[in-house]
Structures are given as C-alpha cells and as structure tokens.
$ cat structure-v1.json   # JSON, C-alpha atoms
[["chain", "number", "residue", "atom", "x", "y", "z"],
["A", 12, "MET", "CA", 39.54, 49.43, 6.76],
["A", 13, "THR", "CA", 41.73, 46.59, 7.95],
["A", 14, "THR", "CA", 43.44, 48.83, 10.50],
["A", 15, "LEU", "CA", 40.14, 50.11, 11.81],
["A", 16, "HIS", "CA", 38.84, 46.58, 12.18],
["A", 17, "ALA", "CA", 41.99, 45.54, 14.05],
["A", 18, "ASP", "CA", 41.69, 48.55, 16.37],
["A", 19, "GLN", "CA", 38.06, 47.76, 17.06],
["A", 20, "PHE", "CA", 38.94, 44.14, 17.76],
["A", 21, "HIS", "CA", 41.77, 45.19, 20.10],
["A", 22, "HIS", "CA", 39.43, 47.54, 21.95],
["A", 23, "ALA", "CA", 36.79, 44.83, 22.33],
["A", 24, "ASP", "CA", 39.42, 42.33, 23.48],
["A", 25, "HIS", "CA", 40.87, 44.84, 25.95],
["A", 26, "HIS", "CA", 37.39, 45.55, 27.28],
["A", 27, "ARG", "CA", 36.66, 41.84, 27.72],
["A", 28, "HIS", "CA", 39.91, 41.21, 29.54],
["A", 29, "GLY", "CA", 39.39, 44.31, 31.65],
["A", 30, "MET", "CA", 36.11, 42.87, 32.84],
["A", 31, "ALA", "CA", 37.61, 39.38, 33.10],
["A", 32, "ARG", "CA", 40.30, 40.52, 35.51],
["A", 33, "PRO", "CA", 38.78, 42.82, 38.12],
["A", 34, "VAL", "CA", 40.99, 44.20, 40.87],
["A", 35, "VAL", "CA", 41.65, 41.74, 43.69],
["A", 36, "ASN", "CA", 42.75, 43.02, 47.07],
["A", 37, "ALA", "CA", 45.49, 41.68, 49.33],
["A", 38, "ILE", "CA", 44.00, 40.38, 52.59],
["A", 39, "ASP", "CA", 45.37, 39.20, 55.91],
["A", 40, "ALA", "CA", 44.28, 37.43, 59.09],
["A", 41, "ARG", "CA", 42.22, 40.45, 60.15],
["A", 42, "ASP", "CA", 40.04, 39.99, 57.08],
["A", 43, "LEU", "CA", 39.48, 36.32, 57.93],
["A", 44, "SER", "CA", 38.41, 37.34, 61.44],
["A", 45, "PHE", "CA", 36.15, 40.03, 60.00],
["A", 46, "ALA", "CA", 34.51, 37.54, 57.62],
["A", 47, "LEU", "CA", 33.83, 35.05, 60.42],
["A", 48, "ARG", "CA", 32.33, 37.76, 62.64],
["A", 49, "ARG", "CA", 30.09, 38.94, 59.83],
["A", 50, "GLY", "CA", 29.14, 35.36, 59.04],
["A", 51, "TRP", "CA", 28.09, 34.83, 62.64],
["A", 52, "ASP", "CA", 26.18, 38.11, 62.58],
["A", 53, "ASP", "CA", 24.29, 37.07, 59.43],
["A", 54, "PHE", "CA", 23.48, 33.71, 60.96],
["A", 55, "GLN", "CA", 22.07, 35.38, 64.07],
["A", 56, "ALA", "CA", 20.04, 37.83, 61.99],
["A", 57, "MET", "CA", 18.68, 35.10, 59.69],
["A", 58, "PRO", "CA", 18.76, 31.95, 61.86],
["A", 59, "THR", "CA", 15.59, 30.32, 60.54],
["A", 60, "HIS", "CA", 16.58, 30.59, 56.91],
["A", 61, "ALA", "CA", 20.24, 29.76, 57.46],
["A", 62, "LEU", "CA", 19.37, 26.76, 59.63],
["A", 63, "PHE", "CA", 16.88, 25.51, 57.05],
["A", 64, "ILE", "CA", 19.54, 25.60, 54.35],
["A", 65, "GLY", "CA", 22.21, 24.26, 56.70],
["A", 66, "LEU", "CA", 20.16, 21.19, 57.61],
["A", 67, "ILE", "CA", 20.67, 19.96, 54.05],
["A", 68, "TYR", "CA", 24.32, 19.25, 54.83],
["A", 69, "PRO", "CA", 24.06, 17.01, 57.90],
["A", 70, "LEU", "CA", 21.15, 15.11, 56.37],
["A", 71, "ILE", "CA", 23.10, 14.36, 53.21],
["A", 72, "GLY", "CA", 26.16, 13.56, 55.30],
["A", 73, "LEU", "CA", 24.18, 11.06, 57.35],
["A", 74, "VAL", "CA", 22.81, 9.45, 54.20],
["A", 75, "LEU", "CA", 26.31, 9.14, 52.74],
["A", 76, "ALA", "CA", 27.66, 7.66, 55.97],
["A", 77, "THR", "CA", 24.77, 5.18, 56.13],
["A", 78, "VAL", "CA", 25.28, 4.09, 52.53],
["A", 79, "ALA", "CA", 29.01, 3.69, 53.11],
["A", 80, "PHE", "CA", 28.67, 1.77, 56.36],
["A", 81, "GLY", "CA", 28.85, -1.64, 54.73],
["A", 82, "THR", "CA", 32.29, -3.23, 55.06],
["A", 83, "ALA", "CA", 32.82, -3.35, 51.27],
["A", 84, "VAL", "CA", 32.87, 0.44, 51.09],
["A", 85, "LEU", "CA", 34.02, 1.12, 54.65],
["A", 86, "PRO", "CA", 37.35, 2.62, 53.47],
["A", 87, "LEU", "CA", 35.36, 5.37, 51.74],
["A", 88, "VAL", "CA", 33.51, 6.57, 54.86],
["A", 89, "PHE", "CA", 36.13, 9.17, 55.71],
["A", 90, "PRO", "CA", 36.75, 10.24, 52.08],
["A", 91, "LEU", "CA", 32.99, 10.70, 51.63],
["A", 92, "ALA", "CA", 32.67, 12.78, 54.78],
["A", 93, "ALA", "CA", 35.79, 14.83, 54.04],
["A", 94, "GLY", "CA", 35.15, 15.15, 50.33],
["A", 95, "PHE", "CA", 31.60, 16.34, 50.90],
["A", 96, "ALA", "CA", 33.09, 19.74, 51.71],
["A", 97, "LEU", "CA", 34.42, 19.91, 48.14],
["A", 98, "ILE", "CA", 30.93, 20.65, 46.81],
["A", 99, "GLY", "CA", 30.04, 22.90, 49.75],
["A", 100, "PRO", "CA", 30.89, 26.18, 47.95],
["A", 101, "PHE", "CA", 28.31, 25.44, 45.26],
["A", 102, "ALA", "CA", 25.69, 24.26, 47.76],
["A", 103, "ALA", "CA", 26.05, 27.55, 49.69],
["A", 104, "VAL", "CA", 24.71, 29.68, 46.80],
["A", 105, "GLY", "CA", 21.52, 30.51, 48.70],
["A", 106, "LEU", "CA", 23.53, 31.68, 51.70],
["A", 107, "TYR", "CA", 25.59, 34.03, 49.54],
["A", 108, "GLU", "CA", 22.41, 35.57, 48.18],
["A", 109, "LEU", "CA", 20.91, 36.04, 51.64],
["A", 110, "SER", "CA", 24.08, 37.83, 52.80],
["A", 111, "ARG", "CA", 24.08, 39.97, 49.66],
["A", 112, "ARG", "CA", 20.47, 41.00, 50.19],
["A", 113, "ARG", "CA", 20.98, 41.79, 53.87],
["A", 114, "GLU", "CA", 24.05, 43.85, 52.97],
["A", 115, "ARG", "CA", 21.91, 45.95, 50.61],
["A", 116, "GLY", "CA", 18.97, 46.27, 52.97],
["A", 117, "LEU", "CA", 16.74, 44.03, 50.83],
["A", 118, "PRO", "CA", 14.28, 41.42, 52.15],
["A", 119, "ALA", "CA", 16.36, 38.39, 53.15],
["A", 120, "ASP", "CA", 13.98, 35.50, 53.62],
["A", 121, "TRP", "CA", 14.25, 31.95, 52.32],
["A", 122, "ALA", "CA", 11.94, 32.68, 49.37],
["A", 123, "ALA", "CA", 14.45, 35.29, 48.14],
["A", 124, "ALA", "CA", 17.52, 33.06, 48.41],
["A", 125, "PHE", "CA", 17.52, 32.26, 44.69],
["A", 126, "SER", "CA", 15.36, 35.09, 43.38],
["A", 127, "SER", "CA", 18.14, 37.07, 41.70],
["A", 128, "LEU", "CA", 19.53, 34.17, 39.64],
["A", 129, "ASN", "CA", 18.65, 34.60, 35.99],
["A", 130, "ARG", "CA", 19.11, 31.89, 33.40],
["A", 131, "THR", "CA", 22.66, 33.00, 32.55],
["A", 132, "ALA", "CA", 23.77, 33.04, 36.20],
["A", 133, "ALA", "CA", 22.11, 29.70, 36.86],
["A", 134, "GLY", "CA", 23.92, 28.18, 33.86],
["A", 135, "ALA", "CA", 27.28, 29.57, 34.98],
["A", 136, "LEU", "CA", 26.75, 28.26, 38.51],
["A", 137, "ALA", "CA", 25.75, 24.88, 37.12],
["A", 138, "GLY", "CA", 29.06, 24.80, 35.26],
["A", 139, "ILE", "CA", 31.02, 25.34, 38.47],
["A", 140, "GLY", "CA", 28.81, 22.85, 40.28],
["A", 141, "LEU", "CA", 29.62, 20.25, 37.64],
["A", 142, "LEU", "CA", 33.33, 21.00, 37.96],
["A", 143, "LEU", "CA", 33.27, 20.64, 41.76],
["A", 144, "THR", "CA", 31.28, 17.40, 41.47],
["A", 145, "LEU", "CA", 33.90, 16.06, 39.05],
["A", 146, "ILE", "CA", 36.67, 16.96, 41.51],
["A", 147, "PHE", "CA", 34.72, 15.20, 44.27],
["A", 148, "ALA", "CA", 34.45, 12.07, 42.12],
["A", 149, "CYS", "CA", 38.19, 12.21, 41.33],
["A", 150, "TRP", "CA", 38.93, 12.45, 45.07],
["A", 151, "LEU", "CA", 36.89, 9.32, 45.76],
["A", 152, "VAL", "CA", 38.69, 7.45, 42.97],
["A", 153, "ALA", "CA", 42.05, 8.59, 44.37],
["A", 154, "ALA", "CA", 41.08, 7.58, 47.91],
["A", 155, "GLN", "CA", 40.01, 4.13, 46.73],
["A", 156, "GLY", "CA", 43.26, 3.78, 44.80],
["A", 157, "ILE", "CA", 45.32, 4.67, 47.89],
["A", 158, "TYR", "CA", 43.46, 2.01, 49.89],
["A", 159, "TRP", "CA", 43.97, -0.64, 47.21],
["A", 160, "GLY", "CA", 47.66, 0.25, 46.99],
["A", 161, "LEU", "CA", 48.13, -0.35, 50.72],
["A", 162, "TYR", "CA", 45.53, -3.02, 51.54],
["A", 163, "GLY", "CA", 44.75, -4.75, 48.26],
["A", 164, "ASP", "CA", 41.20, -5.28, 47.04],
["A", 165, "ALA", "CA", 39.97, -7.23, 50.08],
["A", 166, "ALA", "CA", 37.14, -5.59, 52.05],
["A", 167, "PRO", "CA", 37.69, -4.97, 55.80],
["A", 168, "ASP", "CA", 36.29, -7.67, 58.09],
["A", 169, "SER", "CA", 34.60, -5.24, 60.47],
["A", 170, "LEU", "CA", 34.44, -1.59, 61.44],
["A", 171, "LEU", "CA", 36.38, -2.08, 64.68],
["A", 172, "GLY", "CA", 39.00, -4.26, 63.03],
["A", 173, "PHE", "CA", 39.54, -1.73, 60.26],
["A", 174, "ALA", "CA", 39.75, 1.17, 62.72],
["A", 175, "ARG", "CA", 42.27, -0.73, 64.86],
["A", 176, "ASP", "CA", 44.41, -1.54, 61.82],
["A", 177, "VAL", "CA", 44.38, 2.07, 60.57],
["A", 178, "LEU", "CA", 45.32, 3.50, 63.96],
["A", 179, "THR", "CA", 47.92, 0.96, 65.11],
["A", 180, "THR", "CA", 49.82, -0.36, 62.07],
["A", 181, "PRO", "CA", 52.40, 1.19, 59.70],
["A", 182, "ARG", "CA", 50.19, 0.72, 56.65],
["A", 183, "GLY", "CA", 47.31, 2.33, 58.52],
["A", 184, "TRP", "CA", 49.49, 5.33, 59.37],
["A", 185, "ALA", "CA", 50.57, 5.46, 55.72],
["A", 186, "LEU", "CA", 46.89, 5.46, 54.69],
["A", 187, "ILE", "CA", 46.22, 8.40, 57.02],
["A", 188, "ALA", "CA", 49.29, 10.37, 55.90],
["A", 189, "ILE", "CA", 48.93, 9.81, 52.16],
["A", 190, "GLY", "CA", 45.16, 10.22, 52.25],
["A", 191, "ASN", "CA", 45.39, 13.52, 54.09],
["A", 192, "LEU", "CA", 48.08, 14.86, 51.75],
["A", 193, "VAL", "CA", 46.09, 13.96, 48.64],
["A", 194, "GLY", "CA", 42.90, 15.26, 50.21],
["A", 195, "PHE", "CA", 44.65, 18.52, 51.05],
["A", 196, "ALA", "CA", 45.71, 18.90, 47.41],
["A", 197, "PHE", "CA", 42.11, 18.42, 46.22],
["A", 198, "SER", "CA", 40.82, 20.85, 48.85],
["A", 199, "LEU", "CA", 43.39, 23.46, 47.88],
["A", 200, "ALA", "CA", 42.35, 23.17, 44.23],
["A", 201, "VAL", "CA", 38.68, 23.63, 45.13],
["A", 202, "LEU", "CA", 39.51, 26.57, 47.38],
["A", 203, "ALA", "CA", 41.46, 28.32, 44.63],
["A", 204, "ILE", "CA", 38.71, 27.71, 42.07],
["A", 205, "SER", "CA", 35.66, 28.55, 44.16],
["A", 206, "VAL", "CA", 36.50, 30.98, 47.01],
["A", 207, "VAL", "CA", 35.71, 33.98, 44.80],
["A", 208, "SER", "CA", 34.06, 32.49, 41.71],
["A", 209, "VAL", "CA", 30.82, 31.17, 43.23],
["A", 210, "PRO", "CA", 29.89, 34.27, 45.25],
["A", 211, "MET", "CA", 30.94, 36.42, 42.27],
["A", 212, "LEU", "CA", 28.48, 34.59, 40.02],
["A", 213, "VAL", "CA", 25.75, 35.39, 42.54],
["A", 214, "ASP", "CA", 26.87, 39.03, 42.66],
["A", 215, "ARG", "CA", 27.66, 39.87, 39.02],
["A", 216, "ARG", "CA", 26.61, 39.11, 35.45],
["A", 217, "ILE", "CA", 29.71, 37.21, 34.36],
["A", 218, "ASP", "CA", 30.59, 33.87, 32.82],
["A", 219, "THR", "CA", 32.05, 30.83, 34.54],
["A", 220, "LEU", "CA", 35.56, 31.21, 33.06],
["A", 221, "THR", "CA", 35.80, 34.85, 34.13],
["A", 222, "ALA", "CA", 34.75, 33.97, 37.66],
["A", 223, "ILE", "CA", 37.27, 31.13, 37.92],
["A", 224, "GLU", "CA", 40.08, 33.31, 36.51],
["A", 225, "THR", "CA", 39.33, 35.96, 39.13],
["A", 226, "SER", "CA", 39.30, 33.37, 41.92],
["A", 227, "LEU", "CA", 42.66, 31.98, 40.81],
["A", 228, "ALA", "CA", 44.08, 35.52, 40.64],
["A", 229, "ALA", "CA", 42.85, 36.15, 44.18],
["A", 230, "PHE", "CA", 44.53, 32.96, 45.37],
["A", 231, "ARG", "CA", 47.80, 33.88, 43.63],
["A", 232, "ARG", "CA", 47.79, 37.23, 45.40],
["A", 233, "ASN", "CA", 46.86, 35.78, 48.81],
["A", 234, "PRO", "CA", 48.23, 32.22, 48.89],
["A", 235, "LEU", "CA", 49.11, 32.06, 52.59],
["A", 236, "THR", "CA", 46.02, 33.87, 53.87],
["A", 237, "LEU", "CA", 43.60, 31.84, 51.75],
["A", 238, "THR", "CA", 45.38, 28.61, 52.66],
["A", 239, "ALA", "CA", 44.92, 29.61, 56.29],
["A", 240, "TRP", "CA", 41.24, 30.18, 55.51],
["A", 241, "GLY", "CA", 41.11, 26.65, 54.14],
["A", 242, "PHE", "CA", 42.46, 25.30, 57.43],
["A", 243, "VAL", "CA", 39.90, 27.36, 59.36],
["A", 244, "VAL", "CA", 37.11, 25.94, 57.22],
["A", 245, "ALA", "CA", 38.43, 22.38, 57.59],
["A", 246, "GLY", "CA", 38.75, 22.71, 61.37],
["A", 247, "LEU", "CA", 35.22, 24.06, 61.78],
["A", 248, "LEU", "CA", 33.83, 21.34, 59.52],
["A", 249, "VAL", "CA", 35.54, 18.67, 61.61],
["A", 250, "LEU", "CA", 34.05, 20.15, 64.79],
["A", 251, "GLY", "CA", 30.64, 20.31, 63.18],
["A", 252, "SER", "CA", 30.87, 16.71, 61.97],
["A", 253, "LEU", "CA", 31.81, 15.14, 65.30],
["A", 254, "PRO", "CA", 28.29, 14.85, 66.79],
["A", 255, "LEU", "CA", 26.96, 12.80, 63.85],
["A", 256, "PHE", "CA", 27.09, 15.81, 61.51],
["A", 257, "VAL", "CA", 24.50, 17.69, 63.58],
["A", 258, "GLY", "CA", 26.86, 20.58, 64.23],
["A", 259, "LEU", "CA", 27.04, 21.26, 60.50],
["A", 260, "ALA", "CA", 23.56, 22.77, 60.74],
["A", 261, "VAL", "CA", 25.25, 25.72, 62.44],
["A", 262, "VAL", "CA", 28.80, 25.56, 61.05],
["A", 263, "MET", "CA", 27.86, 25.44, 57.36],
["A", 264, "PRO", "CA", 25.56, 28.50, 57.36],
["A", 265, "ILE", "CA", 28.15, 30.53, 59.27],
["A", 266, "LEU", "CA", 30.89, 29.51, 56.83],
["A", 267, "GLY", "CA", 28.63, 30.22, 53.87],
["A", 268, "HIS", "CA", 27.86, 33.74, 55.06],
["A", 269, "ALA", "CA", 31.50, 34.28, 56.05],
["A", 270, "THR", "CA", 32.68, 33.26, 52.58],
["A", 271, "TRP", "CA", 30.46, 35.94, 51.09],
["A", 272, "HIS", "CA", 32.04, 38.61, 53.29],
["A", 273, "LEU", "CA", 35.54, 37.30, 52.52],
["A", 274, "TYR", "CA", 34.70, 37.65, 48.82],
["A", 275, "ARG", "CA", 33.68, 41.25, 49.48],
["A", 276, "ARG", "CA", 37.08, 41.92, 51.11],
["A", 277, "ILE", "CA", 38.95, 40.39, 48.16],
["A", 278, "VAL", "CA", 36.97, 41.81, 45.22],
["A", 279, "PRO", "CA", 35.79, 45.41, 45.65],
["A", 280, "ALA", "CA", 32.10, 45.99, 44.99]]

$ encode --input "structure-v1.json" --output "structure tokens"
Amino acid sequence: MTTLHADQFHHADHHRHGMARPVVNAIDARDLSFALRRGWDDFQAMPTHALFIGLIYPLIGLVLATVAFGTAVLPLVFPLAAGFALIGPFAAVGLYELSRRRERGLPADWAAAFSSLNRTAAGALAGIGLLLTLIFACWLVAAQGIYWGLYGDAAPDSLLGFARDVLTTPRGWALIAIGNLVGFAFSLAVLAISVVSVPMLVDRRIDTLTAIETSLAAFRRNPLTLTAWGFVVAGLLVLGSLPLFVGLAVVMPILGHATWHLYRRIVPA
C-alpha cells in the first residue's frame, strides 16, 4: 500500500511539474521583428480599443510628473517616469486578451478585453501585479538612496539648477550612470519575471508560480534576445515619452500587442 501511494504521489508530482514547465522555444532577432510587425498590425486593426487602453498610460504619467514637479521630490521625476514601465506588463492585460481574441477570430472589442478572466486567473494576475508594484516601489527607494548618497538630503533649489548640476558636474554624471545601471537591473528582473508570465495567465489556466517559472525558463534559454527586446521596449518608451508622454498612447498598445505575439513565439500554443 505504501509503495502504491508513493507511486501515485510521484505520478501526480511528475504531472504537476510537467505542466509547470512547458516547452519554451529559442528565439532570435527575426522573432522580435515578427512580434513588432504583428503588434503594429493588431493596433491598426483595433485602433479605437487599443488607443482607449493606451491613453491610460500617458494620463497616469502626466499625473505622476505633475505630483513630482515640486523641488522636494524633483530627483524622483525621472525614476517615476522610467519606473512606470515596470508595471506596464500587468497594465497591458487587456491588450493581450484583444490580441488573443483576434488571433482566434473572436470578437475583439473593448468590452471583451477582460471577458475571459475567471476568478482564478484574476487572482493570479493580481499576484503578479502586486509583485511588479513592489519592485516599482523598491526602485523608487533605491533611486532616492542614490540621490541622497551623492547629494545629501537637501532638496534642489530649482528645476533648471538641478538639471544643470546633473548634466555638467561629476556627481551629476555619477547620478546618471549609477541610476541607469540600477534601473537596468530592476528592468531586467521585471522582464525575466513578466515577459511570458502575464500573457500566459491570460492564455492558460495556471497559477502565478507556474507562470513565473516558465517566464524565467524562457529568459534563461534566450538571455541575449530577450535582453535585446528589453532595449527595444526601453527605446520605444523613451520616444513615446518625449512629447509629454502623448506618444505612449500609440507606443504602449503596439508594445502590448507585440508582447503577446512574442509570447506565442516562445511558448507553443
């Protein structure tokens, strides 16, 4: 009886791990190009819905920038704008669903963007959303600590004075270099955790841990290609942010749809 129980347990454990570690494909630059083209195609096919969702990003970005515009929190303007992308994968859930529905020939309107999420999927997504929000908060704490380490706890006198100091002095250059390196580390962590996990939770009935494990496995198999994808995302976000975040209304939907298609290239349906 004991042997039978152990065999049954081993079978159940093997089955769980088999589902927890689905096959992940190796990808290259051609897959990144394919994902971006398909993302643009989805955006063109569903511009009203994608734009409606995408407008959330520049509006929130403007609010964050406005709140941070006082001199006391001026050093956090850039970390807020840059770190906002850390929660982007979770905020793009509706875009993943629209791409999934269009891929299957289903109605893909705004009302359907969250229609397939049951309570289990919503709970799993909330878990990842909480994790990404925690990483975002840690990034802000780290950014503030870097500033205090270089400038002390005194607030900048003015926006122009602070900008001039950052761009023309050794400690300002150190702030840029160290801040970008630390920010890159946070972004890489978020990319590894979320590039597959969030769209997978939209696509499949799985738990949060399984989704994150699969995303990390995908990153381990494709470290250079997915790091390159991270640079592509960062570059497009910078371009979209330049005209007072307005460009994000187009950039974010395209990236959201493209991420879905990249997930499809990494994890077979």

$ atom_distance --input "structure-v1.json" --atom1 "atom CA of Gly190 of chain A" --atom2 "atom CA of Val88 of chain A"
12.5 Å

$ atom_distance --input "structure-v1.json" --atom1 "atom CA of Leu170 of chain A" --atom2 "atom CA of Leu85 of chain A"
7.3 Å

$ atom_distance --input "structure-v1.json" --atom1 "atom CA of Ala245 of chain A" --atom2 "atom CA of Tyr162 of chain A"
27.1 Å

$ closest_residue --input "structure-v1.json" --among "A:Leu273, A:Val34, A:Leu106, A:Ala260" --to "Asp53 of chain A" --atoms "all atoms listed in the file"
A:Leu106

$ residues_near_point --input "structure-v1.json" --point "(34.1, 40.3, 55.8)" --cutoff "9 Å" --atoms "all atoms listed in the file" --output "VMD selection string"
chain A and resid 42 to 50 269 to 276

$ write_last_selection --input "structure-v1.json" --atoms "C-alpha atoms" --output "mmCIF file, in the coordinates of the input"
data_model
loop_
_atom_site.group_PDB
_atom_site.id
_atom_site.type_symbol
_atom_site.label_atom_id
_atom_site.label_comp_id
_atom_site.auth_asym_id
_atom_site.auth_seq_id
_atom_site.Cartn_x
_atom_site.Cartn_y
_atom_site.Cartn_z
ATOM 1 C CA ASP A 42 40.040 39.990 57.080
ATOM 2 C CA LEU A 43 39.480 36.320 57.930
ATOM 3 C CA SER A 44 38.410 37.340 61.440
ATOM 4 C CA PHE A 45 36.150 40.030 60.000
ATOM 5 C CA ALA A 46 34.510 37.540 57.620
ATOM 6 C CA LEU A 47 33.830 35.050 60.420
ATOM 7 C CA ARG A 48 32.330 37.760 62.640
ATOM 8 C CA ARG A 49 30.090 38.940 59.830
ATOM 9 C CA GLY A 50 29.140 35.360 59.040
ATOM 10 C CA ALA A 269 31.500 34.280 56.050
ATOM 11 C CA THR A 270 32.680 33.260 52.580
ATOM 12 C CA TRP A 271 30.460 35.940 51.090
ATOM 13 C CA HIS A 272 32.040 38.610 53.290
ATOM 14 C CA LEU A 273 35.540 37.300 52.520
ATOM 15 C CA TYR A 274 34.700 37.650 48.820
ATOM 16 C CA ARG A 275 33.680 41.250 49.480
ATOM 17 C CA ARG A 276 37.080 41.920 51.110
#

$ residues_around --input "structure-v1.json" --residues "Ala119 of chain A" --least-positions-apart "5" --cutoff "7 Å" --atoms "all atoms listed in the file" --output "list in words"
Leu109, Arg112 and Arg113 of chain A

$ closest_residue --input "structure-v1.json" --among "A:Val209, A:Leu247, A:Ala153, A:Leu145" --to "Leu192 of chain A" --atoms "only C-alpha atoms"
A:Ala153

$ closest_residue --input "structure-v1.json" --among "A:Ala229, A:Leu186, A:Ala133, A:Leu259" --to "Trp159 of chain A" --atoms "all atoms listed in the file"
A:Leu186

$ residues_around --input "structure-v1.json" --residues "Tyr107 of chain A" --least-positions-apart "6" --cutoff "7 Å" --atoms "only C-alpha atoms" --output "MDAnalysis selection string"
chainID A and resid 210 267:268 271

$ closest_residue --input "structure-v1.json" --among "A:Thr180, A:Leu248, A:Cys149, A:Leu227" --to "Leu266 of chain A" --atoms "all atoms listed in the file"
A:Leu248

$ residues_around --input "structure-v1.json" --residues "Ala174 of chain A" --least-positions-apart "5" --cutoff "12 Å" --atoms "only C-alpha atoms" --output "list in words"
Thr82, Leu85, Pro86, Val88, Phe89, Pro167, Asp168, Ser169, Thr179, Thr180, Gly183, Trp184, Leu186 and Ile187 of chain A
